[in-house]
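Student: work_6.csv (CSV, C-alpha atoms) pasted underneath:
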chain,number,residue,atom,x,y,z
A,210,MET,CA,25.7,28.1,3.2
A,211,ARG,CA,28.1,30.7,4.4
A,212,ARG,CA,27.8,34.4,3.8
A,213,LEU,CA,30.9,36.3,2.7
A,214,LYS,CA,31.6,39.9,2.2
A,215,ALA,CA,32.1,40.9,-1.4
A,216,GLU,CA,35.8,41.5,-0.9
A,217,ASP,CA,36.3,38.0,0.5
A,218,LEU,CA,34.9,36.2,-2.6
A,219,GLU,CA,37.2,34.2,-4.8
A,220,GLU,CA,37.0,32.8,-8.3
A,221,GLY,CA,35.5,29.3,-8.5
A,222,MET,CA,33.2,29.7,-5.4
A,223,VAL,CA,29.7,28.5,-6.0
A,224,LEU,CA,26.7,30.8,-5.4
A,225,ALA,CA,24.2,29.4,-2.8
A,226,GLU,CA,21.6,32.1,-3.6
A,227,ASP,CA,20.4,34.2,-6.5
A,228,ILE,CA,21.9,37.6,-6.9
A,229,TYR,CA,19.5,40.5,-7.7
A,230,ARG,CA,20.3,44.0,-8.9
A,231,ASP,CA,18.5,46.6,-6.8
A,232,GLY,CA,16.7,43.7,-5.1
A,233,GLU,CA,14.6,43.0,-8.1
A,234,ILE,CA,16.3,42.1,-11.4
A,235,LEU,CA,17.8,38.6,-11.4
A,236,LEU,CA,21.4,38.8,-12.3
A,237,VAL,CA,22.9,35.4,-11.6
A,238,LYS,CA,21.2,32.2,-10.5
A,239,LYS,CA,22.4,30.2,-7.6
A,240,GLY,CA,24.6,27.3,-8.5
A,241,ALA,CA,26.8,29.4,-10.7
A,242,ALA,CA,30.6,29.4,-10.2
A,243,LEU,CA,32.1,32.9,-9.7
A,244,THR,CA,34.2,34.1,-12.5
A,245,ASP,CA,36.6,37.1,-12.7
A,246,SER,CA,34.0,39.1,-14.6
A,247,LEU,CA,31.2,38.2,-12.2
A,248,LEU,CA,33.4,39.3,-9.2
A,249,ARG,CA,34.0,42.6,-10.8
A,250,HIS,CA,30.3,43.0,-11.5
A,251,ILE,CA,29.4,42.2,-7.9
A,252,SER,CA,31.9,44.8,-6.6
A,253,ARG,CA,30.7,47.4,-9.1
A,254,LEU,CA,27.1,47.0,-8.0
A,255,GLY,CA,28.1,47.4,-4.4
A,256,ILE,CA,26.5,44.1,-3.2
A,257,PRO,CA,27.6,43.8,0.4
A,258,MET,CA,27.2,40.1,1.2
A,259,VAL,CA,26.9,37.0,-0.9
A,260,GLY,CA,25.8,33.5,0.0
A,261,ILE,CA,28.3,30.8,-1.0
A,262,GLU,CA,28.0,27.0,-0.9
A,263,GLY,CA,29.9,25.2,1.8
A,264,GLU,CA,30.3,25.3,5.6
A,265,ASP,CA,31.3,28.4,7.4
A,266,GLU,CA,34.8,28.0,8.8
A,267,ASN,CA,34.2,30.6,11.5
A,268,PRO,CA,30.5,30.4,12.4
A,269,PRO,CA,29.2,33.5,14.1
A,270,PRO,CA,29.1,33.1,17.9
A,271,ALA,CA,25.8,31.8,19.2
A,272,LEU,CA,23.7,34.4,20.9
A,273,ASP,CA,24.0,34.6,24.6
A,274,PRO,CA,21.0,32.8,26.3
A,275,GLU,CA,20.2,35.9,28.2
A,276,GLU,CA,20.0,37.9,25.0
A,277,ILE,CA,17.6,35.3,23.5
A,278,GLU,CA,15.4,35.5,26.5
A,279,LYS,CA,15.2,39.3,26.1
A,280,ILE,CA,14.3,38.9,22.5
A,281,LYS,CA,11.6,36.4,23.4
A,282,ASP,CA,10.2,38.7,26.0
A,283,ALA,CA,10.0,41.6,23.6
A,284,ILE,CA,8.2,39.6,21.0
A,285,GLU,CA,5.9,38.1,23.6
A,286,GLY,CA,5.0,41.6,24.9
A,287,GLU,CA,4.3,42.9,21.4
A,288,LEU,CA,2.1,40.0,20.5
A,289,SER,CA,0.2,39.9,23.8
A,290,ALA,CA,-0.8,43.6,23.3
A,291,LYS,CA,-1.9,42.8,19.7
A,292,PHE,CA,-3.8,39.7,20.5
A,293,GLN,CA,-5.2,40.9,23.8
A,294,ARG,CA,-8.8,41.1,22.6
A,295,VAL,CA,-8.9,37.9,20.6
A,296,SER,CA,-6.9,35.7,23.0
A,297,LYS,CA,-10.0,33.5,23.7
A,298,ASN,CA,-10.4,32.6,20.1
A,299,PRO,CA,-8.7,29.2,19.4
A,300,LEU,CA,-7.8,30.1,15.8
A,301,MET,CA,-6.3,33.4,16.8
A,302,SER,CA,-4.3,31.8,19.6
A,303,GLN,CA,-2.8,29.3,17.3
A,304,LEU,CA,-1.9,32.0,14.8
A,305,ARG,CA,-0.3,33.9,17.7
A,306,GLU,CA,2.0,31.0,18.3
A,307,VAL,CA,2.9,30.8,14.7
A,308,PHE,CA,3.7,34.5,14.5
A,309,PHE,CA,5.8,34.1,17.7
A,310,LYS,CA,8.0,31.4,16.0
A,311,TYR,CA,8.3,33.4,12.8
A,312,LEU,CA,9.2,36.7,14.5
A,313,LEU,CA,11.8,34.9,16.7
A,314,SER,CA,13.4,33.2,13.6
A,315,VAL,CA,13.6,36.7,12.0
A,316,GLU,CA,15.3,38.1,15.0
A,317,MET,CA,17.8,35.3,15.3
A,318,LYS,CA,18.9,35.6,11.7
D,276,MET,CA,-20.7,64.0,13.0
D,277,THR,CA,-23.0,61.5,11.4
D,278,ARG,CA,-22.3,59.1,8.6
D,279,GLU,CA,-24.3,61.2,6.2
D,280,GLU,CA,-22.4,64.4,7.2
D,281,ILE,CA,-19.1,62.7,6.7
D,282,LYS,CA,-20.2,61.3,3.3
D,283,LYS,CA,-21.4,64.7,2.2
D,284,LYS,CA,-18.1,66.2,3.3
D,285,VAL,CA,-16.0,63.6,1.4
D,286,TYR,CA,-18.1,64.2,-1.7
D,287,ASP,CA,-17.6,68.0,-1.3
D,288,ILE,CA,-13.8,68.0,-0.9
D,289,SER,CA,-12.6,69.7,-4.0
D,290,ASP,CA,-9.0,68.7,-3.7
D,291,LEU,CA,-9.5,64.9,-3.2
D,292,PRO,CA,-6.5,63.0,-4.6
D,293,THR,CA,-7.1,62.0,-8.3
D,294,LEU,CA,-5.9,59.2,-10.5
D,295,PRO,CA,-3.6,60.0,-13.4
D,296,ASP,CA,-5.0,60.7,-16.8
D,297,VAL,CA,-3.3,57.7,-18.4
D,298,LEU,CA,-5.2,55.3,-16.1
D,299,ILE,CA,-8.5,56.9,-16.7
D,300,ARG,CA,-8.0,56.7,-20.5
D,301,THR,CA,-6.8,53.1,-20.2
D,302,ASN,CA,-9.9,52.2,-18.2
D,303,LYS,CA,-12.2,53.7,-20.8
D,304,LEU,CA,-10.4,51.8,-23.6
D,305,LEU,CA,-10.7,48.5,-21.6
D,306,GLU,CA,-14.5,49.0,-21.2
D,307,ASP,CA,-14.8,49.1,-25.0
D,308,PRO,CA,-14.8,45.6,-26.5
D,309,ASP,CA,-13.6,47.0,-29.8
D,310,THR,CA,-10.4,48.3,-28.4
D,311,LEU,CA,-7.3,47.0,-30.2
D,312,LEU,CA,-4.0,46.1,-28.5
D,313,ALA,CA,-2.3,48.9,-30.5
D,314,ASP,CA,-4.8,51.6,-29.2
D,315,LEU,CA,-4.1,50.6,-25.7
D,316,THR,CA,-0.4,50.3,-26.1
D,317,LYS,CA,-0.3,53.8,-27.7
D,318,VAL,CA,-2.1,55.4,-24.7
D,319,ILE,CA,0.2,53.8,-22.2
D,320,GLU,CA,3.4,54.5,-24.1
D,321,GLU,CA,2.6,58.2,-24.4
D,322,ASP,CA,3.2,58.3,-20.6
D,323,GLN,CA,6.9,57.4,-20.5
D,324,SER,CA,7.2,57.5,-16.8
D,325,ILE,CA,4.5,54.9,-16.2
D,326,THR,CA,5.8,52.8,-19.2
D,327,SER,CA,9.2,52.5,-17.7
D,328,LYS,CA,7.8,51.7,-14.3
D,329,ILE,CA,5.5,49.0,-15.7
D,330,LEU,CA,8.4,47.4,-17.5
D,331,ARG,CA,10.6,47.5,-14.4
D,332,ILE,CA,7.9,45.7,-12.4
D,333,VAL,CA,7.0,43.0,-14.9
D,334,ASN,CA,10.7,42.2,-15.3
D,335,SER,CA,11.3,42.1,-11.6
D,336,ALA,CA,11.5,38.9,-9.5
D,337,PHE,CA,8.0,39.8,-8.3
D,338,TYR,CA,6.5,38.8,-11.6
D,339,GLY,CA,9.5,36.7,-12.7
D,340,PHE,CA,10.2,37.8,-16.3
D,341,SER,CA,13.7,39.0,-15.7
D,342,GLY,CA,14.5,41.3,-18.6
D,343,LYS,CA,12.4,39.4,-21.1
D,344,ILE,CA,9.6,41.9,-21.6
D,345,LYS,CA,10.8,44.9,-23.6
D,346,THR,CA,7.5,46.7,-24.6
D,347,ILE,CA,4.1,47.3,-23.2
D,348,SER,CA,2.5,45.2,-26.0
D,349,GLN,CA,4.6,42.3,-25.0
D,350,ALA,CA,3.6,42.8,-21.4
D,351,VAL,CA,-0.1,42.8,-22.4
D,352,ILE,CA,0.3,39.7,-24.6
D,353,ILE,CA,2.2,37.7,-22.0
D,354,LEU,CA,0.5,38.9,-18.8
D,355,GLY,CA,-2.9,40.0,-20.0
D,356,PHE,CA,-4.8,43.3,-20.0
D,357,ASN,CA,-6.0,42.9,-16.4
D,358,THR,CA,-2.5,42.3,-15.0
D,359,VAL,CA,-1.1,45.4,-16.8
D,360,ARG,CA,-4.1,47.5,-15.6
D,361,ASN,CA,-3.6,46.2,-12.0
D,362,ILE,CA,0.0,47.2,-12.1
D,363,MET,CA,-1.0,50.6,-13.4
D,364,VAL,CA,-3.6,51.1,-10.7
D,365,SER,CA,-1.0,50.1,-8.1
D,366,LEU,CA,1.6,52.6,-9.5
D,367,SER,CA,-1.1,55.3,-9.6
D,368,ILE,CA,-2.1,54.8,-6.1
D,369,ILE,CA,1.4,55.4,-4.8
D,370,GLY,CA,1.0,58.9,-6.0
D,371,THR,CA,-2.2,59.5,-4.0
D,372,PHE,CA,-0.7,58.4,-0.7
D,373,PRO,CA,0.7,61.3,1.3
D,374,LYS,CA,4.5,61.0,1.7
D,375,ASP,CA,4.9,62.9,4.8
D,376,GLY,CA,2.5,64.0,7.5
D,377,ASP,CA,2.7,65.7,10.8
D,378,LEU,CA,0.2,63.5,12.4
D,379,GLU,CA,1.7,61.8,15.4
D,380,LEU,CA,0.8,58.1,15.6
D,381,PHE,CA,0.2,57.9,11.9
D,382,ASP,CA,3.5,57.4,9.9
D,383,PRO,CA,2.8,57.6,6.1
D,384,MET,CA,5.8,55.4,5.4
D,385,LYS,CA,4.7,52.7,7.7
D,386,PHE,CA,1.2,53.0,6.5
D,387,TRP,CA,2.3,52.5,2.9
D,388,GLN,CA,4.3,49.4,4.1
D,389,HIS,CA,1.2,48.0,5.7
D,390,SER,CA,-0.7,48.5,2.4
D,391,VAL,CA,2.0,47.0,0.3
D,392,GLY,CA,2.4,44.1,2.8
D,393,CYS,CA,-1.3,43.4,2.8
D,394,GLY,CA,-1.4,43.5,-1.0
D,395,THR,CA,1.5,41.1,-1.3
D,396,ILE,CA,0.1,38.7,1.2
D,397,ALA,CA,-3.3,38.8,-0.5
D,398,LYS,CA,-1.8,38.0,-3.9
D,399,PHE,CA,0.2,35.2,-2.4
D,400,LEU,CA,-2.8,33.7,-0.6
D,401,GLY,CA,-4.9,34.2,-3.7
D,402,GLU,CA,-2.4,32.2,-5.7
D,403,LYS,CA,-2.2,29.4,-3.1
D,404,VAL,CA,-6.0,29.0,-2.7
D,405,GLY,CA,-6.7,29.5,-6.3
D,406,ILE,CA,-9.0,32.6,-6.5
D,407,ASP,CA,-9.8,33.9,-10.0
D,408,GLN,CA,-7.4,36.9,-10.2
D,409,PRO,CA,-4.6,36.9,-7.6
D,410,ASP,CA,-3.3,40.1,-9.2
D,411,GLU,CA,-6.4,41.9,-8.3
D,412,ALA,CA,-5.9,40.8,-4.7
D,413,PHE,CA,-2.6,42.8,-4.7
D,414,VAL,CA,-4.4,46.0,-5.7
D,415,ALA,CA,-7.3,45.2,-3.3
D,416,GLY,CA,-4.8,44.8,-0.5
D,417,LEU,CA,-3.0,48.0,-1.4
D,418,LEU,CA,-6.3,49.9,-1.4
D,419,HIS,CA,-8.2,48.3,1.6
D,420,ASP,CA,-7.3,51.1,4.0
D,421,LEU,CA,-7.7,54.0,1.5
D,422,GLY,CA,-10.2,55.7,3.8
D,423,LYS,CA,-7.5,56.3,6.4
D,424,ASN,CA,-5.7,58.6,3.9
D,425,ILE,CA,-8.8,60.7,3.6
D,426,PHE,CA,-9.2,60.9,7.4
D,427,ALA,CA,-5.5,61.8,7.8
D,428,GLN,CA,-5.7,64.6,5.2
D,429,PHE,CA,-9.1,66.1,5.6
D,430,PHE,CA,-10.3,65.1,9.1
D,431,LYS,CA,-7.0,65.6,10.9
D,432,GLU,CA,-8.1,66.6,14.4
D,433,ASP,CA,-10.8,64.0,14.8
D,434,PHE,CA,-8.6,61.3,13.2
D,435,PHE,CA,-5.8,62.1,15.7
D,436,GLU,CA,-8.3,61.7,18.6
D,437,ALA,CA,-9.3,58.3,17.1
D,438,LEU,CA,-5.7,57.2,16.8
D,439,LYS,CA,-5.0,58.2,20.4
D,440,MET,CA,-8.1,56.3,21.5
D,441,ALA,CA,-7.1,53.2,19.6
D,442,TYR,CA,-3.7,53.1,21.3
D,443,GLU,CA,-4.9,54.0,24.8
D,444,LYS,CA,-7.8,51.5,24.8
D,445,ASN,CA,-5.9,49.0,22.6
D,446,ILE,CA,-8.9,48.8,20.3
D,447,LEU,CA,-9.1,48.7,16.5
D,448,LEU,CA,-8.8,52.1,14.7
D,449,PHE,CA,-12.0,51.1,12.9
D,450,GLU,CA,-13.8,51.1,16.3
D,451,ALA,CA,-12.2,54.3,17.5
D,452,GLU,CA,-13.2,56.1,14.3
D,453,GLU,CA,-16.8,55.1,14.9
D,454,GLU,CA,-16.7,56.5,18.4
D,455,VAL,CA,-15.0,59.8,17.5
D,456,LEU,CA,-16.1,60.4,13.9
D,457,GLY,CA,-19.3,58.5,13.7
D,458,SER,CA,-18.0,56.8,10.6
D,459,ASN,CA,-15.0,54.6,9.6
D,460,HIS,CA,-12.3,54.2,7.1
D,461,ALA,CA,-14.0,51.4,5.3
D,462,LEU,CA,-17.0,53.6,4.5
D,463,VAL,CA,-14.9,56.6,3.6
D,464,GLY,CA,-12.7,54.5,1.4
D,465,GLN,CA,-15.8,53.3,-0.4
D,466,TYR,CA,-16.9,56.8,-1.1
D,467,LEU,CA,-13.5,57.6,-2.7
D,468,GLY,CA,-13.4,54.4,-4.6
D,469,LYS,CA,-16.7,55.2,-6.1
D,470,ARG,CA,-15.6,58.6,-7.0
D,471,TRP,CA,-12.6,57.2,-8.7
D,472,ARG,CA,-14.9,54.7,-10.5
D,473,LEU,CA,-12.8,51.8,-9.4
D,474,PRO,CA,-14.1,48.3,-10.3
D,475,ALA,CA,-17.0,47.3,-8.1
D,476,ASN,CA,-15.2,44.4,-6.5
D,477,LEU,CA,-12.3,46.6,-5.4
D,478,VAL,CA,-14.8,49.1,-3.8
D,479,ASP,CA,-16.5,46.1,-2.2
D,480,THR,CA,-13.2,44.9,-0.6
D,481,ILE,CA,-12.5,48.4,0.7
D,482,ARG,CA,-16.0,48.5,2.3
D,483,PHE,CA,-16.1,45.0,3.8
D,484,HIS,CA,-12.5,44.1,4.7
D,485,HIS,CA,-13.4,44.1,8.3
D,486,ASP,CA,-16.6,42.0,7.8
D,487,PRO,CA,-16.2,40.1,4.5
D,488,SER,CA,-19.3,38.0,5.1
D,489,HIS,CA,-21.4,41.1,4.4
D,490,SER,CA,-19.8,41.5,0.9
D,491,LYS,CA,-22.3,41.0,-1.9
D,492,ILE,CA,-20.0,41.3,-4.9
D,493,ASP,CA,-16.8,39.4,-4.4
D,494,GLN,CA,-16.6,37.4,-1.2
D,495,ASP,CA,-13.4,35.6,-2.4
D,496,LEU,CA,-11.5,38.8,-2.8
D,497,THR,CA,-12.9,40.5,0.3
D,498,SER,CA,-12.1,37.4,2.5
D,499,ILE,CA,-8.6,37.1,1.1
D,500,VAL,CA,-7.8,40.7,2.0
D,501,HIS,CA,-9.4,40.3,5.4
D,502,ILE,CA,-7.1,37.4,6.2
D,503,ALA,CA,-4.1,39.1,4.6
D,504,ASP,CA,-4.6,42.1,6.9
D,505,VAL,CA,-4.5,39.9,10.0
D,506,ILE,CA,-1.3,38.1,8.8
D,507,CYS,CA,0.3,41.4,7.8
D,508,ARG,CA,-0.3,42.8,11.3
D,509,GLY,CA,1.0,39.6,12.9
D,510,MET,CA,4.2,39.7,10.9
D,511,GLY,CA,4.6,43.4,11.9
D,512,ALA,CA,4.9,44.6,8.3
D,513,GLY,CA,4.3,48.4,8.6
D,514,THR,CA,1.4,49.6,10.6
D,515,GLY,CA,-2.2,50.7,9.9
D,516,GLY,CA,-2.3,53.2,12.8
D,517,ASP,CA,-3.4,50.8,15.6
D,518,ASN,CA,-1.8,48.0,17.5
D,519,SER,CA,-4.7,45.6,17.8
D,520,ILE,CA,-5.4,42.6,15.6
D,521,PRO,CA,-8.9,42.0,14.2
D,522,MET,CA,-10.5,38.6,14.6
D,523,ILE,CA,-10.6,36.5,11.5
D,524,GLU,CA,-14.2,35.7,10.5
D,525,GLU,CA,-14.7,32.0,10.7
D,526,ALA,CA,-16.6,31.9,7.4
D,527,SER,CA,-13.6,33.5,5.6
D,528,TRP,CA,-11.1,31.1,7.0
D,529,LYS,CA,-13.3,28.1,6.2
D,530,ARG,CA,-14.1,29.4,2.7
D,531,PHE,CA,-10.6,28.5,1.6
D,532,ASP,CA,-10.0,25.6,3.8
D,533,LEU,CA,-6.9,27.3,5.3
D,534,LYS,CA,-4.8,25.7,8.0
D,535,VAL,CA,-2.6,27.3,10.6
D,536,GLU,CA,0.1,24.9,9.6
D,537,LEU,CA,0.0,26.2,6.1
D,538,ILE,CA,0.4,29.8,7.3
D,539,GLU,CA,3.3,28.7,9.4
D,540,GLN,CA,4.9,27.1,6.4
D,541,TRP,CA,4.4,30.1,4.2
D,542,LEU,CA,5.5,32.8,6.6
D,543,PRO,CA,9.3,32.8,5.7
D,544,GLU,CA,8.5,33.1,2.0
D,545,LEU,CA,5.9,35.8,2.7
D,546,GLY,CA,8.5,37.8,4.6
D,547,GLU,CA,10.8,37.7,1.6
D,548,LYS,CA,8.0,38.7,-0.8
D,549,VAL,CA,6.9,41.6,1.3
D,550,GLU,CA,10.4,42.9,1.5
D,551,MET,CA,10.8,42.6,-2.3
D,552,ALA,CA,7.4,44.3,-2.9
D,553,ASN,CA,8.4,47.2,-0.6
D,554,ASN,CA,11.6,47.8,-2.7
D,555,LEU,CA,9.6,47.6,-5.9
D,556,PHE,CA,6.7,49.8,-4.9
D,557,SER,CA,8.6,52.3,-2.8
D,558,MET,CA,7.2,55.8,-2.4
Give the structure from the file, written as C-alpha cells.
Tutor:
Amino acid sequence: MRRLKAEDLEEGMVLAEDIYRDGEILLVKKGAALTDSLLRHISRLGIPMVGIEGEDENPPPALDPEEIEKIKDAIEGELSAKFQRVSKNPLMSQLREVFFKYLLSVEMK
Amino acid sequence: MTREEIKKKVYDISDLPTLPDVLIRTNKLLEDPDTLLADLTKVIEEDQSITSKILRIVNSAFYGFSGKIKTISQAVIILGFNTVRNIMVSLSIIGTFPKDGDLELFDPMKFWQHSVGCGTIAKFLGEKVGIDQPDEAFVAGLLHDLGKNIFAQFFKEDFFEALKMAYEKNILLFEAEEEVLGSNHALVGQYLGKRWRLPANLVDTIRFHHDPSHSKIDQDLTSIVHIADVICRGMGAGTGGDNSIPMIEEASWKRFDLKVELIEQWLPELGEKVEMANNLFSM
C-alpha cells in the first residue's frame, strides 16, 4: 500500500483501506476503484491522506539509526518506570516486552 | 480521615453528579417485565439529543451497522435492550465527568481517554474470551475509576497530595489514596455507583477492579476490566493519574486462559479500536 495526499489521487486508483467519515461512518470499502464523484466527495470531506493499492514509487526515507535508538531509549525509560514494581513477575515482564514492540511499531509508523 | 468518614462525606455531598432523567426512566421500564418496546422507544425518543447520539453510535464502525439503523426501535430489535441501555449509560457518564480541572497531575481529558481505552479493551477481550455480555464490559471499563472523579471534585487537596505521592514514590494511586485519605477510589466509586443504582455487577467491578478475586458477583466482568486496565496503561492510552502498572492477578489471567502471544497479536487492532472509540465518545 502507498499513502497519497487527496490532491494526488487519480481516477481508477484502487483503495487499499476503508474510508470513514468523521472516523466512524463507513463511506467506501477498500477494493473500490476511485471515480470522479468519489474524488470530489473525498476532497469535500477534507480527508487528508488515502491508502491506495500498489508500491510506493518514492518510499519515505528510512529513519536514521541514531533516531531509532533515541525512540527505543524513550520507550524503554517509560516502561521501566511503569513496570518497576512488577519487574520480578514473569507474566508482567513478558507483557512489558510485548508493549515495547507495540509502542516501537506505533512510533515507527 | 477514616473510611467511614469518607463514606459519610460522599453520602452527604448534595451536588454529586447525577444521571440524566431519560436513563433513570429507561432503567425503571427495563425492570418491569410488562414493558413494551413501544413504551421504551417513546421514553428514549422524547430525548432528541440522546436519540441522535445513540443512532450515531450504533451506525458507527464501532458497532458496524453503517447507516442501517434509522430508529431507536430498530436499534433495540437488532442489538437488544441491554446493548442500547449500555450505550445510554456510556453517553450519560460522559456528562458526569469533569471537562476541565485545575488539579495539576490529573488531566480530565487524559483521564477520560484512560476510561474509554479501558472500556474498549475490556469489550474487545470480552468478545475474544466469550464472556456473557461484552457490551457490559465497555461500560464497566468506562466506570471502573469513577471514584477518582469524586476525589478530584470533592476531596481536592487530599487527592492532590495522593497524586503527588503516587508520582514521587512511583506507586499506584490506589495505594497513595489509602495513605493520604484512608480510603481509595474503588470504595468511593462503589458508594457513588450504589447511589446511582447502577446494576450490581457494575458496582462490583468498580469496587474490585484492583483485586477481582474478591468479587462475589461477577468475577468474569471484574477480571476482564482488571486485565484491560493493565493493557490500557501498557499501551499508554490516556492516564489514570499515576505512572505505575498494577500486577495482573494470576487467577484472572488463568480464568480466561489468556496468552501473552495473543495480547501481542491483538495490540495493533486494539490501538485502532481505542482511537475509534475516543473519536466516538469524545467529551
Student: Taking only C-alpha atoms into account, name the residue in A:Val259, A:Leu213, A:Val237, A:Leu248 that is nearest to chain D.
Tutor: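 Checking each candidate against chain D, we get A:Val237 as the closest.
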Student: Nearest to Glu316 (chain A): which of D:Arg472, D:His389, D:Gly339, D:Met510 is it, counting all atoms listed in the file?
Tutor: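 For Glu316 (chain A), the nearest of the given residues is D:Met510.
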Student: At a cut-off of 9 Å, which residues of chain D touch chain A? Count only C-alpha atoms and give the answer as a short mmCIF file (atom, residue, chain, number, x, y, z; two decimals) with C-alpha atoms, in the coordinates of the input.
Tutor:
data_model
loop_
_atom_site.label_atom_id
_atom_site.label_comp_id
_atom_site.auth_asym_id
_atom_site.auth_seq_id
_atom_site.Cartn_x
_atom_site.Cartn_y
_atom_site.Cartn_z
CA ARG D 331 10.60 47.50 -14.40
CA ILE D 332 7.90 45.70 -12.40
CA ASN D 334 10.70 42.20 -15.30
CA SER D 335 11.30 42.10 -11.60
CA ALA D 336 11.50 38.90 -9.50
CA PHE D 337 8.00 39.80 -8.30
CA GLY D 339 9.50 36.70 -12.70
CA PHE D 340 10.20 37.80 -16.30
CA SER D 341 13.70 39.00 -15.70
CA GLY D 342 14.50 41.30 -18.60
CA ASN D 445 -5.90 49.00 22.60
CA ILE D 446 -8.90 48.80 20.30
CA ILE D 506 -1.30 38.10 8.80
CA ARG D 508 -0.30 42.80 11.30
CA GLY D 509 1.00 39.60 12.90
CA MET D 510 4.20 39.70 10.90
CA GLY D 511 4.60 43.40 11.90
CA ASN D 518 -1.80 48.00 17.50
CA SER D 519 -4.70 45.60 17.80
CA ILE D 520 -5.40 42.60 15.60
CA PRO D 521 -8.90 42.00 14.20
CA MET D 522 -10.50 38.60 14.60
CA ILE D 523 -10.60 36.50 11.50
CA GLU D 525 -14.70 32.00 10.70
CA VAL D 535 -2.60 27.30 10.60
CA GLU D 536 0.10 24.90 9.60
CA ILE D 538 0.40 29.80 7.30
CA GLU D 539 3.30 28.70 9.40
CA LEU D 542 5.50 32.80 6.60
CA PRO D 543 9.30 32.80 5.70
CA MET D 551 10.80 42.60 -2.30
CA ALA D 552 7.40 44.30 -2.90
CA ASN D 554 11.60 47.80 -2.70
CA LEU D 555 9.60 47.60 -5.90
#
Student: Of the candidates D:Asp296, D:Asp504, D:Asp495, D:Asp486, which shows the shortest atom-to-atom distance to His419 (chain D), using only C-alpha atoms?
Tutor: D:Asp504
Student: Within 9 Å of region 456-470 of chain D, counting all atoms listed in the file, which residues qualify if same-chain residues fewer than 2 places away don't, as number ranges by chain?
Tutor: D: 276-279, 281-282, 285-286, 291, 418-426, 430, 433-434, 437, 448-454, 472-475, 477-485
Student: So which residues touch region 368-379 of chain D within 10 Å, counting all atoms listed in the file, skipping near sequence neighbours fewer than 2 positions away, as a PyMOL selection string?
Tutor: chain D and resi 291-295+362-366+381-384+386-387+391+414+417-418+421+424-425+427-428+431-432+434-435+438-439+516+556-558
Student: Find, counting only C-alpha atoms, the residue in D:Val505, D:Leu545, D:Ile353, D:Ala441 that gets nearest to Ile396 (chain D).
Tutor: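 Closest to Ile396 (chain D), using only C-alpha atoms: D:Leu545.
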Student: I'd like the contact shell of region 531-533 of chain D - 10 Å cut-off, all atoms listed in the file, skipping same-chain residues fewer than 2 positions apart - returned as a PDB file with C-alpha atoms, in the coordinates of the input.
Tutor:
ATOM      1  CA  LEU D 400      -2.800  33.700  -0.600  1.00  0.00           C
ATOM      2  CA  GLY D 401      -4.900  34.200  -3.700  1.00  0.00           C
ATOM      3  CA  LYS D 403      -2.200  29.400  -3.100  1.00  0.00           C
ATOM      4  CA  VAL D 404      -6.000  29.000  -2.700  1.00  0.00           C
ATOM      5  CA  GLY D 405      -6.700  29.500  -6.300  1.00  0.00           C
ATOM      6  CA  ILE D 406      -9.000  32.600  -6.500  1.00  0.00           C
ATOM      7  CA  ASP D 495     -13.400  35.600  -2.400  1.00  0.00           C
ATOM      8  CA  SER D 498     -12.100  37.400   2.500  1.00  0.00           C
ATOM      9  CA  ILE D 499      -8.600  37.100   1.100  1.00  0.00           C
ATOM     10  CA  ALA D 526     -16.600  31.900   7.400  1.00  0.00           C
ATOM     11  CA  SER D 527     -13.600  33.500   5.600  1.00  0.00           C
ATOM     12  CA  TRP D 528     -11.100  31.100   7.000  1.00  0.00           C
ATOM     13  CA  LYS D 529     -13.300  28.100   6.200  1.00  0.00           C
ATOM     14  CA  VAL D 535      -2.600  27.300  10.600  1.00  0.00           C
ATOM     15  CA  GLU D 536       0.100  24.900   9.600  1.00  0.00           C
ATOM     16  CA  LEU D 537       0.000  26.200   6.100  1.00  0.00           C
ATOM     17  CA  ILE D 538       0.400  29.800   7.300  1.00  0.00           C
TER      18      ILE D 538
END
Student: What's the separation between CA of Glu226 (chain A) and CA of Phe413 (chain D), in Å to one decimal place?
Tutor: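 If I compute the distance from CA of Glu226 (chain A) to CA of Phe413 (chain D), I get 26.5 Å.
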